[in-house]
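Comments concern the structure below.
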Amino acid sequence: MELASNQQRKTFLGMFESETGVMVAGDPCMDAGGGCCLLSVKRGAWSAIVESNGDGNNRLMVYHQDFDPEADQEWEHCDGNVWVETGRFGFFDAMAHSGGNPDDTCDVKIDDIEGTVCQMGAIAYTGWGDGVFSCVVIKQGHRVVAAMLH
């Protein structure tokens with residue numbers, strides 16, 4: 001069932017950089033080895049938005065500065081799902097998980113009720129707590145230019 005647009009709230013969280021061209025979609029406290037999706041993305045500046053609806057479910061969307069988020073494009077499902085064990089999910093440049101140590105992203109505090117950006121990514125509360133979430137993407141060529149966790 002689709003919710004009326006007046007029940008949805010979009011919150012712009014800010015911007016971050018993808019330096020490596022590889023982004024991890026997952027729980028900020030899990031290493032990139034399991035329960036995450038690895039995305040080949042366009043390098044550069046990315047924006048983050050949280051969409052909240054009336055049932056408490058949050059969606060985290062990130063998109064490259066060259067992408068128009070209002071454009072009507074088709075989303076593709078990523079291979080695999082994202083496992084969440086901390087009630088939070090996010091997108092992070094792979095450098096944030098270098099050496100399999102996600103401490104830089106796990107320790108980020110979320111002051112806002114919905115989410116925040118850090119130097120190398122964006123983190124949001126799922127709205128549902130722990131569980132398994134889907135990741136969808138939009139590509140230009142072979143690189144992801146927009147991604148969403150929900």
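Residues are referred to by chain and number: the chain letter is A, B, ... according to the order shown in the structure tokens, the number counts from 1 in that chain, and ligands are numbered separately from 1 in the order shown.
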
What's around A:Gln119 at 9 Å? Count only C-alpha atoms, leave out sequence neighbours fewer than 6 positions away in its own chain, and write the answer as a list in words. Met15, Phe16 and Glu17 of chain A

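Here the alpha helix (DSSP H) residues in chain A, by DSSP on the backbone, are Asp103, Asp104, Thr105 and Cys106 of chain A.
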
Of the listed residues A:Ser40, A:Asn81, A:Ser47, A:Asn57, that which approaches A:Gly121 most closely, counting only C-alpha atoms: A:Ser47

Which residues are close to A:Gly35, i.e. within 12 Å by only C-alpha atoms, leaving aside same-chain residues fewer than 3 positions away? Reply as a PyMOL selection string. chain A and resi 24-32+38+79-85+89+131-135

Output N, CA and C atoms for every residue in the selection just made, as a short mmCIF file (atom, residue, chain, number, x, y, z; two decimals), in the first residue's frame.
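Saved as part.cif:
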```
data_model
loop_
_atom_site.label_atom_id
_atom_site.label_comp_id
_atom_site.auth_asym_id
_atom_site.auth_seq_id
_atom_site.Cartn_x
_atom_site.Cartn_y
_atom_site.Cartn_z
N VAL A 24 30.34 0.35 0.69
CA VAL A 24 29.76 -0.74 1.47
C VAL A 24 28.37 -0.31 1.91
N ALA A 25 27.38 -1.16 1.67
CA ALA A 25 26.02 -0.95 2.18
C ALA A 25 25.81 -1.95 3.29
N GLY A 26 25.60 -1.46 4.52
CA GLY A 26 25.44 -2.41 5.61
C GLY A 26 25.34 -1.76 6.97
N ASP A 27 25.41 -2.59 7.98
CA ASP A 27 25.41 -2.17 9.38
C ASP A 27 26.76 -1.49 9.64
N PRO A 28 26.77 -0.31 10.25
CA PRO A 28 28.04 0.38 10.45
C PRO A 28 28.99 -0.33 11.40
N CYS A 29 28.51 -1.32 12.15
CA CYS A 29 29.38 -2.02 13.10
C CYS A 29 29.82 -3.39 12.62
N MET A 30 29.38 -3.79 11.44
CA MET A 30 29.81 -5.09 10.89
C MET A 30 30.89 -4.85 9.86
N ASP A 31 31.88 -5.78 9.79
CA ASP A 31 32.89 -5.59 8.76
C ASP A 31 32.31 -5.96 7.40
N ALA A 32 33.01 -5.55 6.37
CA ALA A 32 32.51 -5.69 5.00
C ALA A 32 32.52 -7.14 4.51
N LEU A 38 28.66 -4.89 -1.49
CA LEU A 38 29.74 -4.05 -2.00
C LEU A 38 29.29 -3.48 -3.35
N ASP A 79 22.70 -7.94 -5.43
CA ASP A 79 22.84 -9.34 -5.05
C ASP A 79 22.96 -9.42 -3.53
N GLY A 80 22.14 -10.23 -2.92
CA GLY A 80 22.20 -10.40 -1.47
C GLY A 80 21.41 -9.34 -0.72
N ASN A 81 21.36 -9.50 0.58
CA ASN A 81 20.67 -8.57 1.46
C ASN A 81 21.64 -7.99 2.47
N VAL A 82 21.19 -6.99 3.19
CA VAL A 82 21.99 -6.34 4.22
C VAL A 82 21.46 -6.77 5.58
N TRP A 83 22.36 -7.31 6.41
CA TRP A 83 22.02 -7.75 7.75
C TRP A 83 22.33 -6.63 8.74
N VAL A 84 21.39 -6.32 9.61
CA VAL A 84 21.55 -5.25 10.59
C VAL A 84 21.42 -5.84 11.99
N GLU A 85 22.41 -5.52 12.84
CA GLU A 85 22.40 -6.00 14.22
C GLU A 85 22.46 -4.85 15.23
N PHE A 89 21.63 1.29 9.63
CA PHE A 89 22.26 0.88 8.38
C PHE A 89 22.88 2.09 7.72
N GLY A 131 17.46 -6.66 11.63
CA GLY A 131 16.79 -7.49 10.63
C GLY A 131 17.55 -7.54 9.33
N VAL A 132 16.85 -7.96 8.29
CA VAL A 132 17.41 -8.08 6.95
C VAL A 132 16.74 -7.03 6.07
N PHE A 133 17.55 -6.27 5.35
CA PHE A 133 17.04 -5.16 4.54
C PHE A 133 17.52 -5.30 3.10
N SER A 134 16.77 -4.71 2.20
CA SER A 134 17.09 -4.73 0.77
C SER A 134 17.91 -3.51 0.39
N CYS A 135 18.78 -3.71 -0.59
CA CYS A 135 19.54 -2.61 -1.18
C CYS A 135 19.21 -2.56 -2.66
#
```

If we count only C-alpha atoms, what is near A:Asp93 at a cut-off of 12 Å, once residues fewer than 3 positions away on the same chain are taken out, given as a ChimeraX atom specification? /A:16-26,28,32,37-46,62,90,96-98,102,104-105,117-123

Written file, previous selection with N, CA and C atoms, as a tab-separated table (two decimals), in the first residue's frame:
```
chain	number	residue	atom	x	y	z
A	16	PHE	N	28.97	13.49	1.70
A	16	PHE	CA	30.20	12.79	2.05
A	16	PHE	C	30.93	12.44	0.75
A	17	GLU	N	32.16	11.99	0.87
A	17	GLU	CA	32.98	11.66	-0.29
A	17	GLU	C	33.18	10.16	-0.44
A	18	SER	N	33.13	9.68	-1.68
A	18	SER	CA	33.57	8.33	-2.00
A	18	SER	C	34.89	8.48	-2.74
A	19	GLU	N	35.97	8.11	-2.08
A	19	GLU	CA	37.31	8.26	-2.65
A	19	GLU	C	37.77	7.02	-3.40
A	20	THR	N	37.31	5.83	-2.97
A	20	THR	CA	37.83	4.59	-3.53
A	20	THR	C	37.04	4.09	-4.73
A	21	GLY	N	35.78	4.53	-4.88
A	21	GLY	CA	34.93	3.98	-5.93
A	21	GLY	C	34.27	2.68	-5.53
A	22	VAL	N	34.44	2.29	-4.28
A	22	VAL	CA	33.77	1.11	-3.73
A	22	VAL	C	33.03	1.55	-2.47
A	23	MET	N	31.75	1.24	-2.41
A	23	MET	CA	30.94	1.62	-1.27
A	23	MET	C	30.37	0.35	-0.63
A	24	VAL	N	30.34	0.35	0.69
A	24	VAL	CA	29.76	-0.74	1.47
A	24	VAL	C	28.37	-0.31	1.91
A	25	ALA	N	27.38	-1.16	1.67
A	25	ALA	CA	26.02	-0.95	2.18
A	25	ALA	C	25.81	-1.95	3.29
A	26	GLY	N	25.60	-1.46	4.52
A	26	GLY	CA	25.44	-2.41	5.61
A	26	GLY	C	25.34	-1.76	6.97
A	28	PRO	N	26.77	-0.31	10.25
A	28	PRO	CA	28.04	0.38	10.45
A	28	PRO	C	28.99	-0.33	11.40
A	32	ALA	N	33.01	-5.55	6.37
A	32	ALA	CA	32.51	-5.69	5.00
A	32	ALA	C	32.52	-7.14	4.51
A	37	CYS	N	26.54	-5.40	1.23
A	37	CYS	CA	26.65	-5.38	-0.22
A	37	CYS	C	27.79	-4.45	-0.59
A	38	LEU	N	28.66	-4.89	-1.49
A	38	LEU	CA	29.74	-4.05	-2.00
A	38	LEU	C	29.29	-3.48	-3.35
A	39	LEU	N	29.40	-2.17	-3.50
A	39	LEU	CA	28.92	-1.49	-4.70
A	39	LEU	C	30.08	-0.78	-5.40
A	40	SER	N	30.14	-0.93	-6.71
A	40	SER	CA	31.09	-0.19	-7.53
A	40	SER	C	30.41	1.14	-7.88
A	41	VAL	N	30.92	2.24	-7.29
A	41	VAL	CA	30.24	3.53	-7.40
A	41	VAL	C	31.11	4.57	-8.11
A	42	LYS	N	30.46	5.62	-8.52
A	42	LYS	CA	31.17	6.77	-9.10
A	42	LYS	C	31.85	7.53	-7.96
A	43	ARG	N	33.12	7.85	-8.14
A	43	ARG	CA	33.86	8.60	-7.12
A	43	ARG	C	33.38	10.05	-7.07
A	44	GLY	N	33.56	10.65	-5.89
A	44	GLY	CA	33.21	12.06	-5.75
A	44	GLY	C	32.24	12.30	-4.60
A	45	ALA	N	31.54	13.44	-4.69
A	45	ALA	CA	30.62	13.87	-3.63
A	45	ALA	C	29.27	13.17	-3.76
A	46	TRP	N	28.76	12.72	-2.62
A	46	TRP	CA	27.48	12.04	-2.53
A	46	TRP	C	26.61	12.74	-1.49
A	62	VAL	N	21.29	7.44	-0.93
A	62	VAL	CA	22.47	8.23	-1.23
A	62	VAL	C	22.58	8.34	-2.75
A	90	GLY	N	23.75	1.83	6.74
A	90	GLY	CA	24.40	2.96	6.10
A	90	GLY	C	25.16	2.58	4.84
A	96	ALA	N	36.58	3.32	4.86
A	96	ALA	CA	36.12	3.35	6.25
A	96	ALA	C	36.18	1.97	6.89
A	97	HIS	N	36.18	0.93	6.07
A	97	HIS	CA	36.25	-0.44	6.58
A	97	HIS	C	37.59	-1.09	6.28
A	98	SER	N	38.62	-0.28	6.03
A	98	SER	CA	39.92	-0.85	5.66
A	98	SER	C	40.44	-1.76	6.76
A	102	PRO	N	35.58	-1.89	11.29
A	102	PRO	CA	34.57	-0.86	11.07
A	102	PRO	C	34.43	0.14	12.22
A	104	ASP	N	35.55	3.05	12.81
A	104	ASP	CA	35.32	4.45	12.45
A	104	ASP	C	33.84	4.73	12.20
A	105	THR	N	33.13	3.79	11.61
A	105	THR	CA	31.71	4.01	11.34
A	105	THR	C	30.84	3.57	12.50
A	117	VAL	N	25.53	12.13	8.59
A	117	VAL	CA	26.63	11.80	7.70
A	117	VAL	C	27.93	11.92	8.49
A	118	CYS	N	28.90	11.13	8.07
A	118	CYS	CA	30.24	11.24	8.61
A	118	CYS	C	31.16	11.49	7.42
A	119	GLN	N	32.44	11.61	7.64
A	119	GLN	CA	33.36	11.98	6.58
A	119	GLN	C	33.27	11.04	5.38
A	120	MET	N	33.03	9.77	5.62
A	120	MET	CA	33.08	8.79	4.52
A	120	MET	C	31.79	8.01	4.35
A	121	GLY	N	30.65	8.56	4.81
A	121	GLY	CA	29.42	7.83	4.61
A	121	GLY	C	28.23	8.44	5.31
A	122	ALA	N	27.14	7.69	5.30
A	122	ALA	CA	25.88	8.12	5.92
A	122	ALA	C	25.31	6.96	6.71
A	123	ILE	N	24.71	7.28	7.87
A	123	ILE	CA	24.14	6.27	8.75
A	123	ILE	C	22.74	6.72	9.13
```

Within 10 Å of stretch 8-13 of chain A: each stretch 43-142 of chain A residue with its shortest pair, only C-alpha atoms, as a tab-separated table:
```
residue	atom	partner	partner_atom	distance
A:Ser47	CA	A:Leu13	CA	7.6
A:Ala48	CA	A:Leu13	CA	5.4
A:Ile49	CA	A:Phe12	CA	4.5
A:Val50	CA	A:Thr11	CA	5.2
A:Glu51	CA	A:Lys10	CA	4.5
A:Ser52	CA	A:Arg9	CA	5.2
A:Asn53	CA	A:Gln8	CA	4.4
A:Gly54	CA	A:Gln8	CA	6.7
A:Asp55	CA	A:Gln8	CA	9.7
A:Asn58	CA	A:Arg9	CA	9.6
A:Arg59	CA	A:Lys10	CA	9.4
A:Leu60	CA	A:Leu13	CA	9.7
A:Met61	CA	A:Phe12	CA	9.7
A:Val62	CA	A:Leu13	CA	9.7
A:Asp112	CA	A:Leu13	CA	9.2
A:Glu114	CA	A:Thr11	CA	8.2
A:Gly115	CA	A:Leu13	CA	6.8
A:Thr116	CA	A:Leu13	CA	5.5
A:Val117	CA	A:Leu13	CA	6.1
A:Cys118	CA	A:Leu13	CA	9.8
A:Ala122	CA	A:Leu13	CA	7.8
A:Ile123	CA	A:Leu13	CA	9.2
A:Ala124	CA	A:Leu13	CA	9.3
```

Restricted to N, CA and C atoms, what would the selected residues look like written as an mmCIF file, in the first residue's frame?
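This is the output file part_39.cif:
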```cif
data_model
loop_
_atom_site.group_PDB
_atom_site.id
_atom_site.type_symbol
_atom_site.label_atom_id
_atom_site.label_comp_id
_atom_site.auth_asym_id
_atom_site.auth_seq_id
_atom_site.Cartn_x
_atom_site.Cartn_y
_atom_site.Cartn_z
ATOM 1 N N SER A 47 25.311 12.772 -1.744
ATOM 2 C CA SER A 47 24.327 13.317 -0.809
ATOM 3 C C SER A 47 23.572 12.181 -0.155
ATOM 4 N N ALA A 48 23.039 12.438 1.048
ATOM 5 C CA ALA A 48 22.270 11.428 1.778
ATOM 6 C C ALA A 48 20.942 12.014 2.235
ATOM 7 N N ILE A 49 19.890 11.228 2.052
ATOM 8 C CA ILE A 49 18.535 11.608 2.450
ATOM 9 C C ILE A 49 17.905 10.443 3.193
ATOM 10 N N VAL A 50 17.184 10.731 4.270
ATOM 11 C CA VAL A 50 16.372 9.724 4.944
ATOM 12 C C VAL A 50 14.916 10.026 4.633
ATOM 13 N N GLU A 51 14.195 9.005 4.187
ATOM 14 C CA GLU A 51 12.751 9.111 3.982
ATOM 15 C C GLU A 51 12.075 8.323 5.086
ATOM 16 N N SER A 52 11.185 8.985 5.826
ATOM 17 C CA SER A 52 10.440 8.340 6.899
ATOM 18 C C SER A 52 8.968 8.346 6.519
ATOM 19 N N ASN A 53 8.292 7.244 6.817
ATOM 20 C CA ASN A 53 6.857 7.226 6.545
ATOM 21 C C ASN A 53 6.081 6.965 7.825
ATOM 22 N N GLY A 54 4.783 6.923 7.714
ATOM 23 C CA GLY A 54 3.908 6.827 8.872
ATOM 24 C C GLY A 54 4.045 5.567 9.701
ATOM 25 N N ASP A 55 4.636 4.498 9.163
ATOM 26 C CA ASP A 55 4.737 3.258 9.932
ATOM 27 C C ASP A 55 6.076 3.117 10.666
ATOM 28 N N ASN A 58 12.269 3.614 7.967
ATOM 29 C CA ASN A 58 13.130 4.589 7.312
ATOM 30 C C ASN A 58 13.764 3.979 6.074
ATOM 31 N N ARG A 59 13.985 4.821 5.079
ATOM 32 C CA ARG A 59 14.773 4.463 3.899
ATOM 33 C C ARG A 59 15.935 5.435 3.840
ATOM 34 N N LEU A 60 17.113 4.912 3.614
ATOM 35 C CA LEU A 60 18.298 5.750 3.448
ATOM 36 C C LEU A 60 18.685 5.732 1.984
ATOM 37 N N MET A 61 18.700 6.908 1.372
ATOM 38 C CA MET A 61 19.080 7.030 -0.038
ATOM 39 C C MET A 61 20.320 7.899 -0.139
ATOM 40 N N VAL A 62 21.287 7.438 -0.929
ATOM 41 C CA VAL A 62 22.472 8.232 -1.232
ATOM 42 C C VAL A 62 22.579 8.342 -2.746
ATOM 43 N N ASP A 112 20.673 13.304 15.458
ATOM 44 C CA ASP A 112 19.336 13.514 14.918
ATOM 45 C C ASP A 112 18.533 12.240 15.106
ATOM 46 N N GLU A 114 16.871 10.616 12.993
ATOM 47 C CA GLU A 114 16.837 9.733 11.836
ATOM 48 C C GLU A 114 18.196 9.293 11.319
ATOM 49 N N GLY A 115 19.178 10.177 11.296
ATOM 50 C CA GLY A 115 20.457 9.792 10.732
ATOM 51 C C GLY A 115 21.464 10.915 10.733
ATOM 52 N N THR A 116 22.640 10.625 10.138
ATOM 53 C CA THR A 116 23.710 11.606 10.072
ATOM 54 C C THR A 116 24.680 11.216 8.954
ATOM 55 N N VAL A 117 25.532 12.133 8.594
ATOM 56 C CA VAL A 117 26.631 11.805 7.700
ATOM 57 C C VAL A 117 27.933 11.920 8.488
ATOM 58 N N CYS A 118 28.902 11.133 8.068
ATOM 59 C CA CYS A 118 30.244 11.236 8.610
ATOM 60 C C CYS A 118 31.161 11.493 7.416
ATOM 61 N N ALA A 122 27.135 7.694 5.299
ATOM 62 C CA ALA A 122 25.880 8.123 5.917
ATOM 63 C C ALA A 122 25.309 6.957 6.710
ATOM 64 N N ILE A 123 24.713 7.276 7.867
ATOM 65 C CA ILE A 123 24.145 6.270 8.752
ATOM 66 C C ILE A 123 22.742 6.721 9.133
ATOM 67 N N ALA A 124 21.794 5.772 9.181
ATOM 68 C CA ALA A 124 20.431 6.080 9.603
ATOM 69 C C ALA A 124 19.894 4.946 10.463
#
```

To one decimal place, how far is atom CA of A:Lys139 from atom CA of A:Met95 in Å? 21.4 Å

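Between A:Gln140 and the candidates A:Phe91, A:Thr86, A:His64, A:Trp128, the tightest atom-to-atom separation, counting only C-alpha atoms, involves A:His64.
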
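Minimum atom-to-atom distances from A:Ala94, A:Val144, A:Ile138, A:Leu149 to A:Ala71 were compared using only C-alpha atoms, and the lowest value belongs to A:Ile138.
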
State, in Å with one decimal place, the distance from atom CA of A:His142 to atom CA of A:Thr126. 28.0 Å

The distance between atom CA of A:Glu76 and atom CA of A:Gln7 is 25.3 Å

What are the DSSP strand (DSSP E or B) residues of stretch 5-121 of chain A, as a PyMOL selection string? chain A and resi 9-18+22-26+37-41+44-52+58-64+76-77+82-84+88-93+115-118+121

Can you write out the residues you just picked, keeping N, CA and C atoms, as a short mmCIF file (atom, residue, chain, number, x, y, z; two decimals), in the first residue's frame?
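The resulting selection_1.cif:
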```cif
data_model
loop_
_atom_site.label_atom_id
_atom_site.label_comp_id
_atom_site.auth_asym_id
_atom_site.auth_seq_id
_atom_site.Cartn_x
_atom_site.Cartn_y
_atom_site.Cartn_z
N ARG A 9 8.21 11.97 5.07
CA ARG A 9 9.07 13.10 5.38
C ARG A 9 10.46 12.78 4.87
N LYS A 10 11.04 13.69 4.10
CA LYS A 10 12.42 13.55 3.62
C LYS A 10 13.30 14.52 4.38
N THR A 11 14.42 13.99 4.87
CA THR A 11 15.37 14.81 5.61
C THR A 11 16.73 14.70 4.93
N PHE A 12 17.25 15.84 4.49
CA PHE A 12 18.59 15.88 3.91
C PHE A 12 19.59 15.81 5.05
N LEU A 13 20.47 14.79 5.01
CA LEU A 13 21.45 14.60 6.07
C LEU A 13 22.76 15.32 5.83
N GLY A 14 23.13 15.50 4.55
CA GLY A 14 24.38 16.15 4.23
C GLY A 14 25.10 15.42 3.12
N MET A 15 26.41 15.69 3.00
CA MET A 15 27.21 15.13 1.92
C MET A 15 28.45 14.44 2.49
N PHE A 16 28.97 13.49 1.70
CA PHE A 16 30.20 12.79 2.05
C PHE A 16 30.93 12.44 0.75
N GLU A 17 32.16 11.99 0.87
CA GLU A 17 32.98 11.66 -0.29
C GLU A 17 33.18 10.16 -0.44
N SER A 18 33.13 9.68 -1.68
CA SER A 18 33.57 8.33 -2.00
C SER A 18 34.89 8.48 -2.74
N VAL A 22 34.44 2.29 -4.28
CA VAL A 22 33.77 1.11 -3.73
C VAL A 22 33.03 1.55 -2.47
N MET A 23 31.75 1.24 -2.41
CA MET A 23 30.94 1.62 -1.27
C MET A 23 30.37 0.35 -0.63
N VAL A 24 30.34 0.35 0.69
CA VAL A 24 29.76 -0.74 1.47
C VAL A 24 28.37 -0.31 1.91
N ALA A 25 27.38 -1.16 1.67
CA ALA A 25 26.02 -0.95 2.18
C ALA A 25 25.81 -1.95 3.29
N GLY A 26 25.60 -1.46 4.52
CA GLY A 26 25.44 -2.41 5.61
C GLY A 26 25.34 -1.76 6.97
N CYS A 37 26.54 -5.40 1.23
CA CYS A 37 26.65 -5.38 -0.22
C CYS A 37 27.79 -4.45 -0.59
N LEU A 38 28.66 -4.89 -1.49
CA LEU A 38 29.74 -4.05 -2.00
C LEU A 38 29.29 -3.48 -3.35
N LEU A 39 29.40 -2.17 -3.50
CA LEU A 39 28.92 -1.49 -4.70
C LEU A 39 30.08 -0.78 -5.40
N SER A 40 30.14 -0.93 -6.71
CA SER A 40 31.09 -0.19 -7.53
C SER A 40 30.41 1.14 -7.88
N VAL A 41 30.92 2.24 -7.29
CA VAL A 41 30.24 3.53 -7.40
C VAL A 41 31.11 4.57 -8.11
N GLY A 44 33.56 10.65 -5.89
CA GLY A 44 33.21 12.06 -5.75
C GLY A 44 32.24 12.30 -4.60
N ALA A 45 31.54 13.44 -4.69
CA ALA A 45 30.62 13.87 -3.63
C ALA A 45 29.27 13.17 -3.76
N TRP A 46 28.76 12.72 -2.62
CA TRP A 46 27.48 12.04 -2.53
C TRP A 46 26.61 12.74 -1.49
N SER A 47 25.31 12.77 -1.74
CA SER A 47 24.33 13.32 -0.81
C SER A 47 23.57 12.18 -0.15
N ALA A 48 23.04 12.44 1.05
CA ALA A 48 22.27 11.43 1.78
C ALA A 48 20.94 12.01 2.23
N ILE A 49 19.89 11.23 2.05
CA ILE A 49 18.54 11.61 2.45
C ILE A 49 17.90 10.44 3.19
N VAL A 50 17.18 10.73 4.27
CA VAL A 50 16.37 9.72 4.94
C VAL A 50 14.92 10.03 4.63
N GLU A 51 14.20 9.01 4.19
CA GLU A 51 12.75 9.11 3.98
C GLU A 51 12.07 8.32 5.09
N SER A 52 11.19 8.99 5.83
CA SER A 52 10.44 8.34 6.90
C SER A 52 8.97 8.35 6.52
N ASN A 58 12.27 3.61 7.97
CA ASN A 58 13.13 4.59 7.31
C ASN A 58 13.76 3.98 6.07
N ARG A 59 13.98 4.82 5.08
CA ARG A 59 14.77 4.46 3.90
C ARG A 59 15.93 5.44 3.84
N LEU A 60 17.11 4.91 3.61
CA LEU A 60 18.30 5.75 3.45
C LEU A 60 18.69 5.73 1.98
N MET A 61 18.70 6.91 1.37
CA MET A 61 19.08 7.03 -0.04
C MET A 61 20.32 7.90 -0.14
N VAL A 62 21.29 7.44 -0.93
CA VAL A 62 22.47 8.23 -1.23
C VAL A 62 22.58 8.34 -2.75
N TYR A 63 23.09 9.48 -3.22
CA TYR A 63 23.22 9.66 -4.67
C TYR A 63 24.40 10.56 -4.98
N HIS A 64 25.04 10.29 -6.13
CA HIS A 64 26.19 11.04 -6.59
C HIS A 64 25.76 12.44 -7.01
N GLU A 76 17.38 -1.25 -9.45
CA GLU A 76 17.75 -2.67 -9.57
C GLU A 76 18.10 -3.20 -8.18
N HIS A 77 17.72 -4.43 -7.90
CA HIS A 77 18.09 -5.06 -6.63
C HIS A 77 19.54 -5.51 -6.67
N VAL A 82 21.19 -6.99 3.19
CA VAL A 82 21.99 -6.34 4.22
C VAL A 82 21.46 -6.77 5.58
N TRP A 83 22.36 -7.31 6.41
CA TRP A 83 22.02 -7.75 7.75
C TRP A 83 22.33 -6.63 8.74
N VAL A 84 21.39 -6.32 9.61
CA VAL A 84 21.55 -5.25 10.59
C VAL A 84 21.42 -5.84 11.99
N ARG A 88 20.83 0.15 12.93
CA ARG A 88 21.27 1.21 12.02
C ARG A 88 21.81 0.59 10.75
N PHE A 89 21.63 1.29 9.63
CA PHE A 89 22.26 0.88 8.38
C PHE A 89 22.88 2.09 7.72
N GLY A 90 23.75 1.83 6.74
CA GLY A 90 24.40 2.96 6.10
C GLY A 90 25.16 2.58 4.84
N PHE A 91 25.70 3.62 4.22
CA PHE A 91 26.57 3.49 3.06
C PHE A 91 27.89 4.14 3.42
N PHE A 92 29.00 3.43 3.13
CA PHE A 92 30.32 3.92 3.52
C PHE A 92 31.33 3.66 2.43
N ASP A 93 32.23 4.60 2.22
CA ASP A 93 33.35 4.36 1.33
C ASP A 93 34.14 3.18 1.92
N GLY A 115 19.18 10.18 11.30
CA GLY A 115 20.46 9.79 10.73
C GLY A 115 21.46 10.92 10.73
N THR A 116 22.64 10.62 10.14
CA THR A 116 23.71 11.61 10.07
C THR A 116 24.68 11.22 8.95
N VAL A 117 25.53 12.13 8.59
CA VAL A 117 26.63 11.80 7.70
C VAL A 117 27.93 11.92 8.49
N CYS A 118 28.90 11.13 8.07
CA CYS A 118 30.24 11.24 8.61
C CYS A 118 31.16 11.49 7.42
N GLY A 121 30.65 8.56 4.81
CA GLY A 121 29.42 7.83 4.61
C GLY A 121 28.23 8.44 5.31
#
```

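Here the question is which of A:Asp66, A:Asp72, A:Cys78, A:Gly56 gets nearest to A:Val136 using only C-alpha atoms, and that residue is A:Cys78.
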